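Undergrad: I'd like to ask you about the structure that follows.
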Amino acid sequence: MDVLFVHQNFPGQFRHVAPFLAARGHRVVALGMNRTDETLPGVKILWYGVKRGNGKDVHPLAREFESKVLRGEACAQAAVQLQKQGFSPRVIVCHPGWGEAMYLKAVFPDARLICLMEYYYRVRGQEMGFDPEFPVPSLDDEARLQAKNANLLLAMEAMDVGIAATPWQASRLPAWAQAKTQVLHEGIDTDEVAPDPAAQVGLPDRGITMRPGDEVLTFVARNLEPVRGYHVFMRTLPRILRERPNVRVFIIGGDGVSYGAKPDEGGFRQRYLSEVASELDPARVHFMGQVSRQVFLRMMQITRCHVYLTYPFVLSWSMLEAMSAGAPLVASRTAPVLDVVRDGENGRLVDFFDRDALADAVVDMLARPEAYDAMRREARRTVVEHYDLRQVCLPAYARLIEGG
C-alpha cells in the first residue's frame, strides 16, 4: 500500500520505520521541510517550503499559531502534488509539532492518520514552572504555549491513532486523546549500541586515550542547558573532582538552546562553567562539543558512570542508548525517567535538585565499579526487552500501520 511519512525534519523519529516498511513492499514517500542530502533505502523524499514568514501585522500572541498555519499550508500543497501524481496513501504517519498535520485530511480524507504526539505543553511543572531558579512563566510565555497546543489539539482531533514514545509522554495528552493513543517508542538499535570491552576513544589534541576500566564520568545533552540539568551537574562537579582525584569528566553537547527560554546574555554552557571554574581542574574536565555518533557510542561503552538529568520533558534517546551500551547510570528521579529506570536495579535515581545525593551516587559508582556490574547488565536487558528496534519496535509499527 501507499504510506506517507511527514516530518519537518525528516527522517527524525521515522529514520528506521520508513525504510523498514519500504522493504516490506509498500510504496513509501516522505515529506519534509528542512532539506538534507540524506537518503533512505526505498523511500522517496520530497521537500517543501513556506512561501513567507510571519506577517508583520499579525498580533504577537498569534505569531506562533500563524507559523503553524504556514507550514500546514505548504505541506498540504505538497500533498496535492503527490495526489496529482497518482499517490494515494492509505496511511499517513505524521509528526504534527510544526503544523504539518493541519490540512492533510483535507487532501487525503480517506487516509488513516497516525500522529506522533511527542509532547503536549503545560505551563506549570514540565519544561516551564518546574525549576524554581527560573522565573514564573509570564503571560506571553503562557500564550505562546497555548498557541503551540492549539495546533496539537487540532492534530489530536484529526488523527485516527496517536503514538507516544513513553507512558509519561502519553499521559500528558488530554484524556480524550489518550483514549486513541498507544505507547510506541521509535526503538534502539541494540546490535549497534552494545557493550564493547575493546572500545577506545583517542583525543590526540589532549594526548589521552580512554578505554573501559578507566575512571571516566560522562554527561550528554544535545545542548548544555537547564532542561537537561546541566546547571545541576556543573555545580556538583567540584565535590566529585575533590573526592575522585583521578576521574576524567567528558561533557558532550552544544552551546545552543534546544528547549526552554534562552539566557539573557551569553550561553548556558559558559554561565554555569564560570560559576565553578575556579574549583575545577581543566586538565580533567573535557568539553567535547557536539560529537559524531561513533564517538558518543564509544564514550558510552567506556564510561564508568553516566549522568542523565532532565526536567519532566521528552525522554532523551541518549539515556536509553547509554543503558544499551552497558553504561552505569545515575539519573534524575523525574517522571519520564521513572518510565524506564528502577532505582537500585538498572540505575541509580536521585532528586533532580539534590546535588549532595547526586555527588554521593556518582562518587560511589566511580569508586566501586564492580559493585554495579549487575546493574549495567540489567540496564541493557531493560532496553533489549522493551525498546529493541528490530525485535520490539519495528514489528509493533508494522502491526499498527498494516493492521488498520
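By order of appearance in the C-alpha cells: chains A, B, ..., then residues from 1 within every chain, and ligands from 1 in the order shown.
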Taking the chain letters and numbering used in this document, name the residues of segment 70-273 of chain A that DSSP puts in alpha helix (DSSP H), as a PyMOL selection string.
TA: chain A and resi 70-84+104-107+139-158+167-171+175-178+230-243+268-273
Undergrad: Nearest residue to His231 of chain A out of A:Glu215, A:Asp160, A:Asp354, A:Asp196, using only C-alpha atoms?
TA: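 Distance minimum relative to His231 of chain A lands on A:Asp354.
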Undergrad: Would you list the contacts of Ala22 of chain A as number ranges by chain, taking every protein, DNA or RNA residue within 7 Å and counting only C-alpha atoms, but skipping same-chain residues closer than 6 positions in sequence?
TA: A: 28, 42-43
Undergrad: Using only C-alpha atoms, which protein or nucleic acid residues come within 6 Å of Gly187 of chain A? Drop anything in the same chain fewer than 4 positions from it, and give the result as a ChimeraX atom specification.
TA: /A:387-389,393
Undergrad: Those same residues - C-alpha atoms - I'd like them written as a PDB file, in the first residue's frame.
TA:
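For reference, selection_31.pdb as written:
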ATOM      1  CA  TYR A 387      12.985  -0.939  23.229  1.00  0.00           C
ATOM      2  CA  ASP A 388      14.882  -3.164  20.795  1.00  0.00           C
ATOM      3  CA  LEU A 389      14.477  -1.770  17.300  1.00  0.00           C
ATOM      4  CA  CYS A 393       9.515  -1.565  17.977  1.00  0.00           C
TER       5      CYS A 393
END
Undergrad: For a quick check of understanding, using only C-alpha atoms, which of A:Asp214, A:Glu279, A:Asp141, A:Glu385 has the smallest distance to Pro60 of chain A?
TA: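 Residue with the minimum atom-to-atom distance to Pro60 of chain A: A:Asp141.
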Undergrad: Can you pull out every residue within 12 Å of Gln146 of chain A, counting only C-alpha atoms, but drop anything in the same chain fewer than 6 positions away, and send it as a ChimeraX atom specification?
TA: /A:61-65,120-123,139-140,152-153
Undergrad: Kindly export the residues of the current selection with N, CA and C atoms, as a PDB file, in the first residue's frame.
TA:
ATOM      1  N   LEU A  61       0.703  37.567  19.920  1.00  0.00           N
ATOM      2  CA  LEU A  61       0.269  36.318  20.542  1.00  0.00           C
ATOM      3  C   LEU A  61      -0.250  35.307  19.521  1.00  0.00           C
ATOM      4  N   ALA A  62      -0.428  35.756  18.271  1.00  0.00           N
ATOM      5  CA  ALA A  62      -0.902  34.853  17.221  1.00  0.00           C
ATOM      6  C   ALA A  62       0.216  34.372  16.309  1.00  0.00           C
ATOM      7  N   ARG A  63       1.429  34.896  16.501  1.00  0.00           N
ATOM      8  CA  ARG A  63       2.517  34.540  15.574  1.00  0.00           C
ATOM      9  C   ARG A  63       2.859  33.060  15.638  1.00  0.00           C
ATOM     10  N   GLU A  64       2.849  32.512  16.833  1.00  0.00           N
ATOM     11  CA  GLU A  64       3.177  31.091  16.973  1.00  0.00           C
ATOM     12  C   GLU A  64       2.212  30.237  16.168  1.00  0.00           C
ATOM     13  N   PHE A  65       0.917  30.538  16.266  1.00  0.00           N
ATOM     14  CA  PHE A  65      -0.070  29.748  15.534  1.00  0.00           C
ATOM     15  C   PHE A  65       0.018  30.015  14.035  1.00  0.00           C
ATOM     16  N   TYR A 120       2.997  17.370  24.751  1.00  0.00           N
ATOM     17  CA  TYR A 120       1.912  18.342  24.936  1.00  0.00           C
ATOM     18  C   TYR A 120       2.334  19.279  26.064  1.00  0.00           C
ATOM     19  N   TYR A 121       2.257  20.562  25.791  1.00  0.00           N
ATOM     20  CA  TYR A 121       2.849  21.556  26.691  1.00  0.00           C
ATOM     21  C   TYR A 121       1.962  21.850  27.899  1.00  0.00           C
ATOM     22  N   ARG A 122       2.611  22.144  29.014  1.00  0.00           N
ATOM     23  CA  ARG A 122       1.949  22.631  30.223  1.00  0.00           C
ATOM     24  C   ARG A 122       2.755  23.812  30.738  1.00  0.00           C
ATOM     25  N   VAL A 123       2.066  24.794  31.292  1.00  0.00           N
ATOM     26  CA  VAL A 123       2.745  25.988  31.773  1.00  0.00           C
ATOM     27  C   VAL A 123       3.396  25.745  33.126  1.00  0.00           C
ATOM     28  N   LEU A 139       2.728  35.989  31.066  1.00  0.00           N
ATOM     29  CA  LEU A 139       1.538  35.879  30.211  1.00  0.00           C
ATOM     30  C   LEU A 139       1.936  35.524  28.789  1.00  0.00           C
ATOM     31  N   ASP A 140       3.005  36.153  28.278  1.00  0.00           N
ATOM     32  CA  ASP A 140       3.455  35.851  26.920  1.00  0.00           C
ATOM     33  C   ASP A 140       3.912  34.402  26.803  1.00  0.00           C
ATOM     34  N   LEU A 152      -1.575  21.358  18.240  1.00  0.00           N
ATOM     35  CA  LEU A 152      -1.576  19.948  18.632  1.00  0.00           C
ATOM     36  C   LEU A 152      -2.983  19.436  18.882  1.00  0.00           C
ATOM     37  N   LEU A 153      -3.842  20.273  19.438  1.00  0.00           N
ATOM     38  CA  LEU A 153      -5.230  19.858  19.673  1.00  0.00           C
ATOM     39  C   LEU A 153      -5.946  19.579  18.355  1.00  0.00           C
TER      40      LEU A 153
END
Undergrad: Give me the residues near segment 86-91 of chain A as JSON, numbers by chain, where near means some atom within 9 Å (using only C-alpha atoms) and where sequence neighbours in that chain fewer than 6 positions away do not count.
TA: {"A": [1, 2, 3, 4, 5, 27, 28, 29, 79, 108, 110, 111, 112, 113, 114, 401, 402, 404]}
Undergrad: Which residues are near Trp317 of chain A? Cut-off 10 Å, only C-alpha atoms, ignore same chain within fewer than 3 positions. Put them as a list in words.
TA: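 The contact residues come out as His185, Glu186, Gly187, Ile188, Ala221, Val314, Leu320, Glu321 and Ala322 of chain A.
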